[in-house]
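Novice: Contents are compact mmCIF, C-alpha atoms and all ligand atoms; file name data.txt:
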```txt
# COMPACT_ATOMS: atom_id res chain seq x y z
CA MET A 106 -7.35 18.52 2.00
CA ASN A 107 -4.24 18.37 4.15
CA LEU A 108 -4.26 16.26 7.30
CA LEU A 109 -5.36 19.03 9.65
CA GLU A 110 -8.20 20.08 7.37
CA LEU A 111 -9.21 16.46 7.04
CA ALA A 112 -9.13 16.00 10.82
CA ALA A 113 -11.34 19.08 11.22
CA HIS A 114 -13.71 17.68 8.61
CA VAL A 115 -14.01 14.33 10.38
CA ALA A 116 -14.48 16.05 13.76
CA HIS A 117 -17.30 18.02 12.16
CA ARG A 118 -18.89 14.81 10.83
CA PHE A 119 -18.56 13.25 14.27
CA GLN A 120 -20.24 16.24 15.87
CA GLY A 121 -23.08 16.12 13.32
CA GLN A 122 -23.70 12.44 13.99
CA TYR A 123 -23.16 12.22 17.75
CA HIS A 124 -23.83 15.81 18.90
CA ARG A 125 -20.59 16.29 20.78
CA PRO A 126 -16.94 16.77 19.80
CA PRO A 127 -14.68 13.71 19.48
CA ARG A 128 -12.17 12.83 22.18
CA TRP A 129 -9.58 11.29 19.83
CA ILE A 130 -8.69 11.59 16.18
CA ALA A 131 -6.47 8.95 14.60
CA ALA A 132 -5.11 8.93 11.05
CA ALA A 133 -3.21 6.47 8.89
CA PRO A 134 -1.93 7.04 5.35
CA GLY A 135 -2.16 5.10 2.10
CA ARG A 136 1.06 4.37 0.24
CA VAL A 137 2.76 4.06 -3.10
CA ASN A 138 5.47 1.53 -3.53
CA VAL A 139 8.33 3.20 -5.38
CA ILE A 140 9.95 -0.13 -6.22
CA GLY A 141 10.06 -3.73 -4.94
CA GLU A 142 6.83 -5.26 -6.22
CA HIS A 143 5.65 -8.73 -5.28
CA THR A 144 8.80 -9.16 -3.24
CA ASP A 145 7.35 -8.76 0.27
CA TYR A 146 5.87 -12.27 0.47
CA ASN A 147 9.17 -13.60 -0.87
CA ASP A 148 11.09 -12.21 2.12
CA GLY A 149 12.63 -9.58 -0.17
CA PHE A 150 13.04 -5.79 -0.02
CA VAL A 151 10.41 -3.14 -0.72
CA LEU A 152 10.79 0.64 -0.98
CA PRO A 153 7.42 2.30 -0.35
CA MET A 154 6.48 5.76 0.88
CA ALA A 155 3.42 6.95 2.77
CA ILE A 156 1.35 9.45 0.76
CA GLY A 157 -0.56 12.51 1.87
CA ARG A 158 -3.88 10.67 1.68
CA TYR A 159 -5.37 9.38 4.92
CA THR A 160 -8.09 7.40 6.58
CA VAL A 161 -9.14 9.34 9.62
CA MET A 162 -11.27 8.19 12.56
CA ALA A 163 -12.76 10.50 15.17
CA ALA A 164 -14.11 8.87 18.32
CA ASP A 165 -15.36 9.15 21.86
CA PHE A 166 -16.55 6.70 24.51
CA ALA A 167 -20.00 5.49 23.46
CA LYS A 168 -23.03 7.14 25.02
CA GLY A 169 -25.15 4.11 24.10
CA PRO A 170 -24.91 0.40 25.11
CA SER A 171 -21.63 -0.59 26.72
CA ASN A 172 -21.00 -3.50 24.35
CA LEU A 173 -21.16 -1.66 21.02
CA ILE A 174 -18.71 0.08 18.76
CA SER A 175 -20.63 2.19 16.23
CA ILE A 176 -18.88 3.44 13.12
CA PHE A 177 -20.53 6.12 11.02
CA ASN A 178 -19.15 6.03 7.47
CA PRO A 179 -20.68 8.93 5.52
CA GLN A 180 -18.83 7.97 2.31
CA ALA A 181 -20.43 4.51 2.30
CA GLY A 182 -23.69 5.95 3.59
CA THR A 183 -23.89 3.29 6.31
CA THR A 184 -23.20 2.79 10.00
CA ALA A 185 -21.63 -0.42 11.30
CA GLN A 186 -22.23 -1.82 14.75
CA ILE A 187 -19.81 -4.22 16.30
CA ASP A 188 -20.62 -6.18 19.46
CA ILE A 189 -17.44 -6.29 21.53
CA SER A 190 -18.88 -8.30 24.44
CA ARG A 191 -17.85 -11.46 22.56
CA LYS A 192 -15.09 -12.44 20.16
CA VAL A 193 -15.53 -10.23 17.09
CA THR A 194 -16.11 -12.12 13.83
CA ARG A 195 -16.74 -11.23 10.20
CA GLY A 196 -19.96 -9.34 9.53
CA ASP A 197 -21.79 -6.59 7.67
CA PRO A 198 -21.30 -4.17 6.07
CA ASP A 199 -18.34 -5.42 4.09
CA TRP A 200 -16.08 -2.44 4.79
CA SER A 201 -16.42 -3.04 8.54
CA ASN A 202 -14.43 -6.27 8.27
CA TYR A 203 -11.11 -4.44 8.24
CA ILE A 204 -12.12 -2.79 11.50
CA ARG A 205 -13.54 -6.03 12.92
CA GLY A 206 -10.28 -7.81 12.12
CA VAL A 207 -8.22 -5.25 13.99
CA ILE A 208 -10.53 -5.27 17.01
CA ALA A 209 -10.30 -9.08 17.05
CA GLY A 210 -6.51 -8.75 17.00
CA PHE A 211 -6.59 -6.55 20.10
CA GLN A 212 -9.00 -8.98 21.77
CA ASP A 213 -6.49 -11.76 21.07
CA ARG A 214 -3.95 -9.69 22.98
CA GLN A 215 -6.38 -9.44 25.93
CA VAL A 216 -6.74 -5.69 25.46
CA GLU A 217 -9.93 -4.43 27.11
CA ILE A 218 -11.63 -2.31 24.42
CA PRO A 219 -14.25 0.24 25.49
CA ALA A 220 -17.54 0.85 23.66
CA LEU A 221 -16.95 3.65 21.16
CA ASP A 222 -18.75 6.01 18.83
CA ILE A 223 -16.68 6.57 15.70
CA ALA A 224 -16.90 8.65 12.52
CA LEU A 225 -14.74 7.61 9.61
CA PHE A 226 -13.56 9.45 6.51
CA SER A 227 -10.90 8.65 3.91
CA THR A 228 -9.08 10.42 1.11
CA VAL A 229 -7.26 7.25 0.02
CA PRO A 230 -9.06 6.22 -3.17
CA MET A 231 -10.55 2.75 -2.80
CA GLY A 232 -9.49 -0.12 -5.03
CA ALA A 233 -6.76 1.99 -6.64
CA GLY A 234 -3.83 -0.02 -5.28
CA LEU A 235 -2.90 2.70 -2.78
CA SER A 236 -3.65 0.51 0.25
CA SER A 237 -6.92 1.99 1.36
CA SER A 238 -7.49 -1.18 3.35
CA ALA A 239 -4.17 -0.96 5.22
CA ALA A 240 -4.94 2.70 5.97
CA LEU A 241 -8.28 1.66 7.49
CA GLU A 242 -6.72 -1.13 9.52
CA VAL A 243 -3.84 0.97 10.82
CA SER A 244 -6.11 3.89 11.57
CA THR A 245 -8.32 1.56 13.62
CA ALA A 246 -5.32 0.18 15.50
CA THR A 247 -4.05 3.71 16.19
CA LEU A 248 -7.45 4.72 17.51
CA ILE A 249 -7.68 1.69 19.78
CA GLU A 250 -4.20 2.46 21.11
CA ALA A 251 -5.36 5.98 21.95
CA ALA A 252 -8.67 4.89 23.47
CA THR A 253 -7.10 2.19 25.65
CA GLY A 254 -3.84 3.99 26.41
CA GLN A 255 -2.06 0.77 25.42
CA LYS A 256 0.53 1.32 22.72
CA ILE A 257 1.88 -1.74 20.98
CA ASP A 258 5.21 -2.18 19.32
CA PRO A 259 5.06 -0.81 15.72
CA ILE A 260 6.09 -4.13 14.15
CA GLU A 261 3.46 -6.00 16.19
CA LYS A 262 0.92 -3.39 15.21
CA ALA A 263 1.64 -3.83 11.49
CA LEU A 264 1.48 -7.61 11.84
CA LEU A 265 -1.82 -7.42 13.73
CA CYS A 266 -3.25 -5.33 10.86
CA GLN A 267 -1.88 -7.74 8.25
CA LYS A 268 -3.59 -10.61 10.09
CA ALA A 269 -6.87 -8.67 9.95
CA GLU A 270 -6.48 -8.45 6.19
CA HIS A 271 -5.73 -12.19 5.92
CA ASP A 272 -8.47 -13.43 8.23
CA PHE A 273 -11.24 -10.87 7.77
CA ALA A 274 -10.77 -9.66 4.19
CA GLY A 275 -9.44 -12.96 2.85
CA VAL A 276 -6.49 -11.29 1.11
CA PRO A 277 -3.19 -13.16 1.59
CA CYS A 278 -1.16 -9.92 1.40
CA GLY A 279 2.47 -9.45 2.41
CA ILE A 280 3.62 -7.02 5.09
CA MET A 281 4.49 -3.95 3.04
CA ASP A 282 1.25 -1.97 3.15
CA GLN A 283 0.64 -2.15 6.88
CA PHE A 284 4.33 -1.51 7.68
CA ILE A 285 4.57 1.67 5.67
CA SER A 286 1.24 2.95 6.96
CA VAL A 287 2.56 2.50 10.51
CA MET A 288 6.15 3.57 9.94
CA GLY A 289 6.13 6.17 7.16
CA ARG A 290 8.29 9.25 7.74
CA GLU A 291 8.02 12.63 6.13
CA ASN A 292 10.52 13.10 3.27
CA ASN A 293 11.72 9.51 3.47
CA LEU A 294 11.21 6.32 1.56
CA LEU A 295 11.28 3.23 3.74
CA LEU A 296 13.58 0.39 2.72
CA LEU A 297 12.03 -2.60 4.43
CA ASP A 298 13.74 -5.96 4.64
CA CYS A 299 10.72 -8.26 4.76
CA ARG A 300 12.81 -11.14 6.09
CA SER A 301 14.41 -9.48 9.13
CA ARG A 302 11.75 -6.71 9.26
CA GLU A 303 14.52 -4.19 9.64
CA THR A 304 13.83 -0.79 8.18
CA GLN A 305 16.07 1.91 6.84
CA LEU A 306 15.00 5.44 5.98
CA VAL A 307 16.02 6.71 2.56
CA PRO A 308 15.73 10.50 2.51
CA VAL A 309 14.24 12.03 -0.64
CA ASN A 310 13.73 15.72 0.08
CA ASP A 311 15.29 17.40 -2.94
CA PRO A 312 12.67 19.92 -4.14
CA ALA A 313 13.90 19.34 -7.71
CA VAL A 314 12.16 15.96 -7.95
CA ALA A 315 8.63 14.77 -7.24
CA PHE A 316 6.56 11.61 -7.34
CA LEU A 317 3.62 11.66 -9.71
CA ILE A 318 0.90 9.13 -9.11
CA VAL A 319 -1.44 8.29 -11.96
CA ASN A 320 -4.62 6.38 -11.17
CA THR A 321 -5.65 4.56 -14.34
CA ASN A 322 -9.15 4.31 -12.89
CA VAL A 323 -9.40 0.68 -13.90
CA LYS A 324 -9.42 -2.38 -11.69
CA HIS A 325 -9.56 -5.69 -13.48
CA GLU A 326 -11.33 -8.51 -11.71
CA LEU A 327 -8.28 -10.74 -11.91
CA SER A 328 -6.48 -8.99 -9.09
CA SER A 329 -7.24 -11.01 -5.96
CA GLY A 330 -7.34 -14.50 -7.51
CA GLU A 331 -4.16 -13.94 -9.51
CA TYR A 332 -2.42 -12.58 -6.42
CA SER A 333 -2.73 -15.91 -4.61
CA VAL A 334 -1.72 -17.76 -7.76
CA ARG A 335 1.50 -15.69 -7.88
CA ARG A 336 2.19 -16.45 -4.22
CA GLN A 337 1.78 -20.17 -4.87
CA GLN A 338 4.03 -20.01 -7.92
CA CYS A 339 6.75 -18.33 -5.87
CA GLU A 340 6.46 -20.99 -3.19
CA MET A 341 6.75 -23.65 -5.85
CA ALA A 342 9.81 -21.92 -7.32
CA ALA A 343 11.45 -21.85 -3.89
CA ARG A 344 10.68 -25.56 -3.42
CA ILE A 345 12.22 -26.43 -6.78
CA LEU A 346 15.34 -24.45 -5.87
CA GLY A 347 15.42 -25.96 -2.39
CA VAL A 348 15.45 -22.59 -0.59
CA PRO A 349 13.12 -21.33 2.16
CA SER A 350 12.07 -18.36 0.00
CA LEU A 351 13.18 -16.67 -3.24
CA ARG A 352 15.13 -14.17 -1.13
CA ASN A 353 17.68 -16.95 -0.67
CA ALA A 354 18.12 -17.47 -4.40
CA GLY A 355 20.29 -15.60 -6.91
CA VAL A 356 20.22 -15.21 -10.68
CA ASN A 357 22.55 -18.18 -11.07
CA ASP A 358 19.93 -20.45 -9.53
CA LEU A 359 17.60 -19.73 -12.43
CA ALA A 360 19.53 -22.27 -14.49
CA LYS A 361 18.15 -24.98 -12.20
CA PHE A 362 14.65 -24.76 -13.66
CA GLN A 363 13.76 -27.26 -16.37
CA MET A 364 12.59 -25.06 -19.16
CA GLU A 365 10.26 -27.64 -20.76
CA LYS A 366 8.04 -27.82 -17.71
CA ASP A 367 8.95 -24.85 -15.51
CA ALA A 368 8.86 -22.01 -18.03
CA VAL A 369 6.21 -19.99 -16.18
CA ILE A 370 7.70 -20.62 -12.74
CA PHE A 371 11.09 -19.63 -14.13
CA ARG A 372 9.75 -16.27 -15.26
CA ARG A 373 7.99 -15.63 -11.95
CA ALA A 374 11.23 -16.40 -10.10
CA ARG A 375 13.26 -14.27 -12.48
CA HIS A 376 11.03 -11.31 -11.71
CA VAL A 377 11.28 -11.74 -7.94
CA ILE A 378 15.02 -12.36 -7.83
CA SER A 379 15.84 -9.45 -10.14
CA GLU A 380 13.32 -7.14 -8.43
CA ILE A 381 14.88 -7.72 -5.02
CA GLN A 382 18.23 -6.64 -6.44
CA ARG A 383 16.70 -3.64 -8.24
CA THR A 384 15.12 -2.49 -4.97
CA VAL A 385 18.43 -2.50 -3.12
CA ASP A 386 20.07 -0.72 -6.07
CA ALA A 387 17.28 1.84 -6.25
CA ALA A 388 17.53 2.62 -2.52
CA LYS A 389 21.21 3.41 -3.11
CA ALA A 390 20.41 5.49 -6.20
CA PHE A 391 17.83 7.55 -4.27
CA GLU A 392 20.31 8.03 -1.45
CA ASP A 393 22.87 9.28 -3.98
CA SER A 394 20.27 11.51 -5.68
CA ASP A 395 21.02 9.57 -8.86
CA TRP A 396 17.57 10.17 -10.34
CA ARG A 397 18.50 8.82 -13.74
CA LEU A 398 19.51 5.44 -12.33
CA ALA A 399 16.52 5.32 -9.97
CA GLY A 400 14.23 6.06 -12.92
CA GLN A 401 15.84 3.45 -15.11
CA LEU A 402 15.36 0.82 -12.39
CA MET A 403 11.69 1.80 -12.17
CA TYR A 404 11.25 1.22 -15.91
CA GLU A 405 13.04 -2.13 -15.62
CA SER A 406 10.79 -3.10 -12.74
CA HIS A 407 7.75 -2.36 -14.87
CA ASP A 408 9.01 -4.44 -17.79
CA SER A 409 9.71 -7.34 -15.48
CA LEU A 410 6.24 -7.11 -13.90
CA ARG A 411 4.65 -6.96 -17.33
CA ASN A 412 6.65 -9.67 -19.11
CA ASP A 413 7.78 -12.10 -16.42
CA TYR A 414 5.30 -11.66 -13.61
CA GLU A 415 2.33 -10.81 -15.87
CA VAL A 416 0.49 -8.56 -13.44
CA SER A 417 0.29 -5.41 -15.57
CA CYS A 418 -2.52 -4.48 -17.94
CA ALA A 419 -3.02 -2.38 -21.07
CA GLU A 420 -3.92 0.77 -19.12
CA LEU A 421 -0.85 0.63 -16.83
CA ASP A 422 1.34 -0.11 -19.85
CA ALA A 423 -0.17 2.89 -21.66
CA VAL A 424 0.83 5.28 -18.85
CA VAL A 425 4.34 3.88 -18.71
CA SER A 426 4.86 4.16 -22.45
CA ILE A 427 3.56 7.74 -22.47
CA ALA A 428 5.98 8.54 -19.64
CA LYS A 429 8.81 7.02 -21.69
CA GLU A 430 7.84 9.10 -24.70
CA VAL A 431 7.91 12.26 -22.56
CA GLY A 432 11.39 11.16 -21.52
CA GLU A 433 13.96 12.80 -19.32
CA ASN A 434 14.03 15.99 -21.38
CA GLY A 435 10.30 16.30 -20.93
CA GLY A 436 10.70 15.75 -17.18
CA VAL A 437 10.28 12.02 -16.50
CA PHE A 438 13.11 9.91 -15.04
CA GLY A 439 11.14 6.70 -14.67
CA CYS A 440 7.69 5.21 -14.23
CA ARG A 441 6.18 1.88 -13.25
CA MET A 442 3.01 0.21 -12.09
CA THR A 443 2.73 0.15 -8.31
CA GLY A 444 0.91 -2.26 -5.97
CA GLY A 445 -0.58 -5.63 -6.81
CA GLY A 446 -1.31 -4.84 -10.47
CA PHE A 447 -4.16 -5.50 -12.95
CA GLY A 448 -5.11 -1.83 -12.76
CA GLY A 449 -4.69 0.79 -10.10
CA CYS A 450 -1.83 3.26 -10.21
CA THR A 451 1.55 4.01 -11.67
CA VAL A 452 4.24 5.99 -9.87
CA ALA A 453 6.69 8.21 -11.74
CA LEU A 454 9.81 10.04 -10.63
CA ILE A 455 9.72 13.43 -12.32
CA LYS A 456 11.37 16.83 -12.40
CA ALA A 457 9.30 19.02 -10.09
CA ASP A 458 9.44 22.06 -12.38
CA LYS A 459 7.95 20.00 -15.24
CA MET A 460 5.08 18.68 -13.14
CA ASP A 461 2.24 20.46 -14.94
CA LEU A 462 3.58 19.67 -18.38
CA VAL A 463 4.04 16.00 -17.54
CA SER A 464 0.58 15.67 -15.96
CA ASP A 465 -1.11 17.36 -18.91
CA LYS A 466 0.70 15.19 -21.39
CA ILE A 467 -0.10 11.96 -19.55
CA SER A 468 -3.72 12.82 -18.98
CA THR A 469 -4.37 13.88 -22.59
CA GLU A 470 -2.56 10.95 -24.16
CA TYR A 471 -4.01 8.40 -21.73
CA LYS A 472 -7.51 9.64 -22.52
CA ARG A 473 -6.80 9.48 -26.24
CA ARG A 474 -5.43 5.93 -26.10
CA THR A 475 -7.83 4.33 -23.65
CA GLY A 476 -10.89 6.56 -23.59
CA ILE A 477 -10.51 6.75 -19.80
CA GLU A 478 -9.99 9.81 -17.62
CA ALA A 479 -6.98 9.30 -15.33
CA ALA A 480 -6.74 10.88 -11.88
CA ILE A 481 -3.31 12.38 -11.33
CA PHE A 482 -1.78 13.71 -8.15
CA THR A 483 1.57 14.24 -6.55
CA SER A 484 2.74 13.47 -3.05
CA ARG A 485 5.83 13.93 -0.98
CA PRO A 486 6.77 11.00 1.22
CA GLY A 487 4.54 11.64 4.23
CA PRO A 488 4.34 10.59 7.88
CA GLY A 489 2.88 7.31 9.12
CA ALA A 490 -0.04 6.78 11.45
CA GLN A 491 -0.62 9.33 14.20
CA THR A 492 -3.16 10.83 16.55
CA ILE A 493 -4.07 14.46 16.07
C1 LIG B 1 -0.42 -5.78 -2.54
C2 LIG B 1 -0.12 -6.48 -1.21
C3 LIG B 1 1.30 -6.21 -0.76
C4 LIG B 1 2.29 -6.54 -1.87
C5 LIG B 1 1.88 -5.88 -3.18
C6 LIG B 1 2.74 -6.29 -4.34
O1 LIG B 1 -0.37 -4.40 -2.36
O2 LIG B 1 -1.01 -6.02 -0.22
O3 LIG B 1 1.59 -6.96 0.40
O4 LIG B 1 2.45 -7.92 -2.03
O5 LIG B 1 0.53 -6.19 -3.51
O6 LIG B 1 4.02 -5.82 -4.18
```
Any chance you could put this one into structure tokens?
Ligand code: GLA

Specialist:
Amino acid sequence: MNLLELAAHVAHRFQGQYHRPPRWIAAAPGRVNVIGEHTDYNDGFVLPMAIGRYTVMAADFAKGPSNLISIFNPQAGTTAQIDISRKVTRGDPDWSNYIRGVIAGFQDRQVEIPALDIALFSTVPMGAGLSSSAALEVSTATLIEAATGQKIDPIEKALLCQKAEHDFAGVPCGIMDQFISVMGRENNLLLLDCRSRETQLVPVNDPAVAFLIVNTNVKHELSSGEYSVRRQQCEMAARILGVPSLRNAGVNDLAKFQMEKDAVIFRRARHVISEIQRTVDAAKAFEDSDWRLAGQLMYESHDSLRNDYEVSCAELDAVVSIAKEVGENGGVFGCRMTGGGFGGCTVALIKADKMDLVSDKISTEYKRRTGIEAAIFTSRPGPGAQTI
């Protein structure tokens, strides 16, 4: 479903539930990160793109009680009710916490939020590392902006959504996912400097290349606990090096670690420091349409995430090695895991005219090696959040 079809679908769901058409429709995309993994919370660079998968919310002023926001979620099979007459806190059902967190963020800014009836629908697969939660947060924020007529600055909006994730979902994420969901642009990657929060668009609109996203359809339980462990290890590395964050360190600083006791921290830091450089180099390579170099940097990023940062898993590694075996002649320039790791998706830069061959090869081989059916799709860099 493209965005307009999806919007029509959600409007239809709204009508079925509330017996009138919606007044607003807001949408926010998921993302893939092309390169720059586990660098955002180290003040580094990331290079994500918004994908053509969205969380869409259709809404109208509530017809019922004036203190309630009702959210009908046909995919979860439940409706959430949020009392907005007092400070919104965590509550049930679980998925509503992303929405609660964003509403609380607007309350903190003294924005007067009206009672609303909402229908929600998403084509961002959940738990696949494509930022379904950021899409839900940013879609909520975009809807509240529309319903209140109060637009907030895009950076503030992304930060408000990140805070919702921290405080209401308990995930100490960086700023990448919410930023790209807010600021994505069609046919552009977004080079985001997570220290200054400056962004630069990197156009990728050559029809000869495409991004292929492979969902391994596994999610290992490790993901959230290990994520905070990695954050702490990076903070420790920065303390040892005497810098505010690993962004301020270079490869030469790695010699300062004492290998007998800091071996793990050393490897974590080596990943982050080298990944920040690879991201800047890759942005340049994409700008120059140097697909071979961009692809090579993607493979290097994967190796570093697997060996030094230890956030890959057998299934992600399987996809990347199959991609390597297909090689440039077969249509693949590069491939890597994307997102937090321990399952989820890979992203590959491929030759567009070899798309079907590459997908078939990856899906057959992945099934043979792991016994699991992968879900494969392609996306151009798409637009960020919007009302329709
Ligand atoms: C998750 C987080 C992001 C980022 C990535 C790793 O997606 O939400 O902030 O840290 O992991 O690059």

Novice: What does the list of residues within 7 Å of ligand LIG 1 (chain B) look like if you count only C-alpha atoms and all ligand atoms, written as a ChimeraX atom specification?

Specialist: /A:141-146,234,236,278-282,444-445

Novice: Choose the residue, out of A:Gln180, A:Asn202, A:Thr321, A:Ser227, that has the smallest atom-to-atom separation from A:Gly476; count all atoms listed in the file.

Specialist: A:Thr321

Novice: Within 12 Å of stretch 423-431 of chain A, which residues of stretch 299-400 of chain A show up? Give each one with its shortest atom-to-atom distance in Å (one decimal) and the two atoms involved, counting only C-alpha atoms, rows by chain then rising residue number, as a tab-separated table.

Specialist:
```
residue	atom	partner	partner_atom	distance
A:Leu317	CA	A:Ala428	CA	10.7
A:Ile318	CA	A:Val424	CA	10.5
A:Val319	CA	A:Val424	CA	7.9
A:Asn320	CA	A:Val424	CA	9.5
A:Thr321	CA	A:Val424	CA	7.9
A:Asn322	CA	A:Val424	CA	11.7
A:Gly400	CA	A:Lys429	CA	10.4
```

Novice: Find, counting all atoms listed in the file, the residue in A:Val193, A:Val463, A:Ile204, A:Ala388 that gets nearest to A:Phe150.

Specialist: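 Ranked by minimum distance to A:Phe150, first place goes to A:Ala388.
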
Novice: Which residues are close to A:Ile156, i.e. within 7 Å by all atoms listed in the file, leaving aside same-chain residues fewer than 3 positions away? Reply as a ChimeraX atom specification.

Specialist: /A:134-137,484-487

Novice: To one decimal in Å, tell me the separation between atom CA of A:Lys459 and atom CA of A:Trp396.

Specialist: 14.6 Å

Novice: Name the residues, using the chain letters and numbers of the file, that sit within 6 Å of (-14.2, -8.9, 22.2) when counting all atoms listed in the file, and give them as a list in words.

Specialist: Ile189, Ser190, Arg191, Lys192, Val193 and Gln212 of chain A

Novice: Can you pull out every residue within 9 Å of A:Lys168, counting all atoms listed in the file, but drop anything in the same chain fewer than 2 positions away, and send it as a PyMOL selection string?

Specialist: chain A and resi 123+165-166+170-171+220-222

Novice: Determine, counting only C-alpha atoms, which protein, DNA and RNA residues have an atom within 12 Å of an atom of stretch 288-290 of chain A; residues of the same chain fewer than 5 positions away are not included. Present the result as number ranges by chain.

Specialist: A: 133-138, 152-157, 240, 243, 247, 258-263, 280-283, 295-297, 302-310, 485-491

Novice: Could you jot down the atom CA of A:Leu241 to atom CA of A:Val161 separation for me, Å, one decimal place?

Specialist: 8.0 Å

Novice: Would you mind reading off the distance between atom CA of A:Tyr332 and atom CA of A:Pro277, one decimal, in Å?

Specialist: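 That distance, rounded to one decimal, is 8.1 Å.
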
Novice: Would you mind listing what lies within 9 Å of A:Arg397 as a list in words, with all atoms listed in the file counted and same-chain residues fewer than 6 positions away left out?

Specialist: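 My reading of the contact set: Ala390, Glu433, Phe438 and Gly439 of chain A.
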
Novice: Using all atoms listed in the file, find each residue in stretch 137-164 of chain A having at least one atom no more than 6 Å away from stretch 342-360 of chain A; report its shortest atom-to-atom pair and that distance in Å (one decimal), rows by chain then rising number, as JSON lines.

Specialist:
```
{"residue": "A:Asn147", "atom": "CA", "partner": "A:Leu351", "partner_atom": "CA", "distance": 5.6}
{"residue": "A:Asp148", "atom": "CA", "partner": "A:Arg352", "partner_atom": "CA", "distance": 5.5}
{"residue": "A:Gly149", "atom": "CA", "partner": "A:Arg352", "partner_atom": "CA", "distance": 5.3}
```

Novice: Which is closer to A:Asp367 than all the others in A:Cys339, A:Ala131, A:Ala251, A:Cys418, using only C-alpha atoms?

Specialist: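 Between A:Cys339, A:Ala131, A:Ala251, A:Cys418, the residue approaching A:Asp367 most closely is A:Cys339.
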
Novice: From the list A:Thr384, A:Thr469, A:Gln401, A:Ser417, which residue is nearest A:Cys440 when using all atoms listed in the file?

Specialist: A:Gln401

Novice: Write out as a VMD selection string each polymer residue whose atoms come within 10 Å of stretch 116-121 of chain A, counting only C-alpha atoms; drop sequence neighbours fewer than 6 positions from it.

Specialist: chain A and resid 110 127 to 130 161 to 165 176 to 179 222 to 226

Novice: Give the centre and edge lengths of an axis-aligned box, in Å to one decimal, that holds all listed atoms of stretch 401-409 of chain A with 4 Å on each side, as lines of an AutoDock Vina configuration file.

Specialist:
```
center_x = 11.8
center_y = -1.9
center_z = -15.0
size_x = 16.1
size_y = 18.8
size_z = 13.6
```

Novice: Nearest residue to A:Ala233 out of A:Asn172, A:Gln363, A:Thr451, A:Gln215, using all atoms listed in the file?

Specialist: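 Of all the options, A:Thr451 lies closest to A:Ala233.
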
Novice: Which of these residues is nearest to A:Ile370, using only C-alpha atoms: A:Ile455, A:Val334, A:Ile174, A:Leu398?

Specialist: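 Among A:Ile455, A:Val334, A:Ile174, A:Leu398, it is A:Val334 that comes nearest to A:Ile370.
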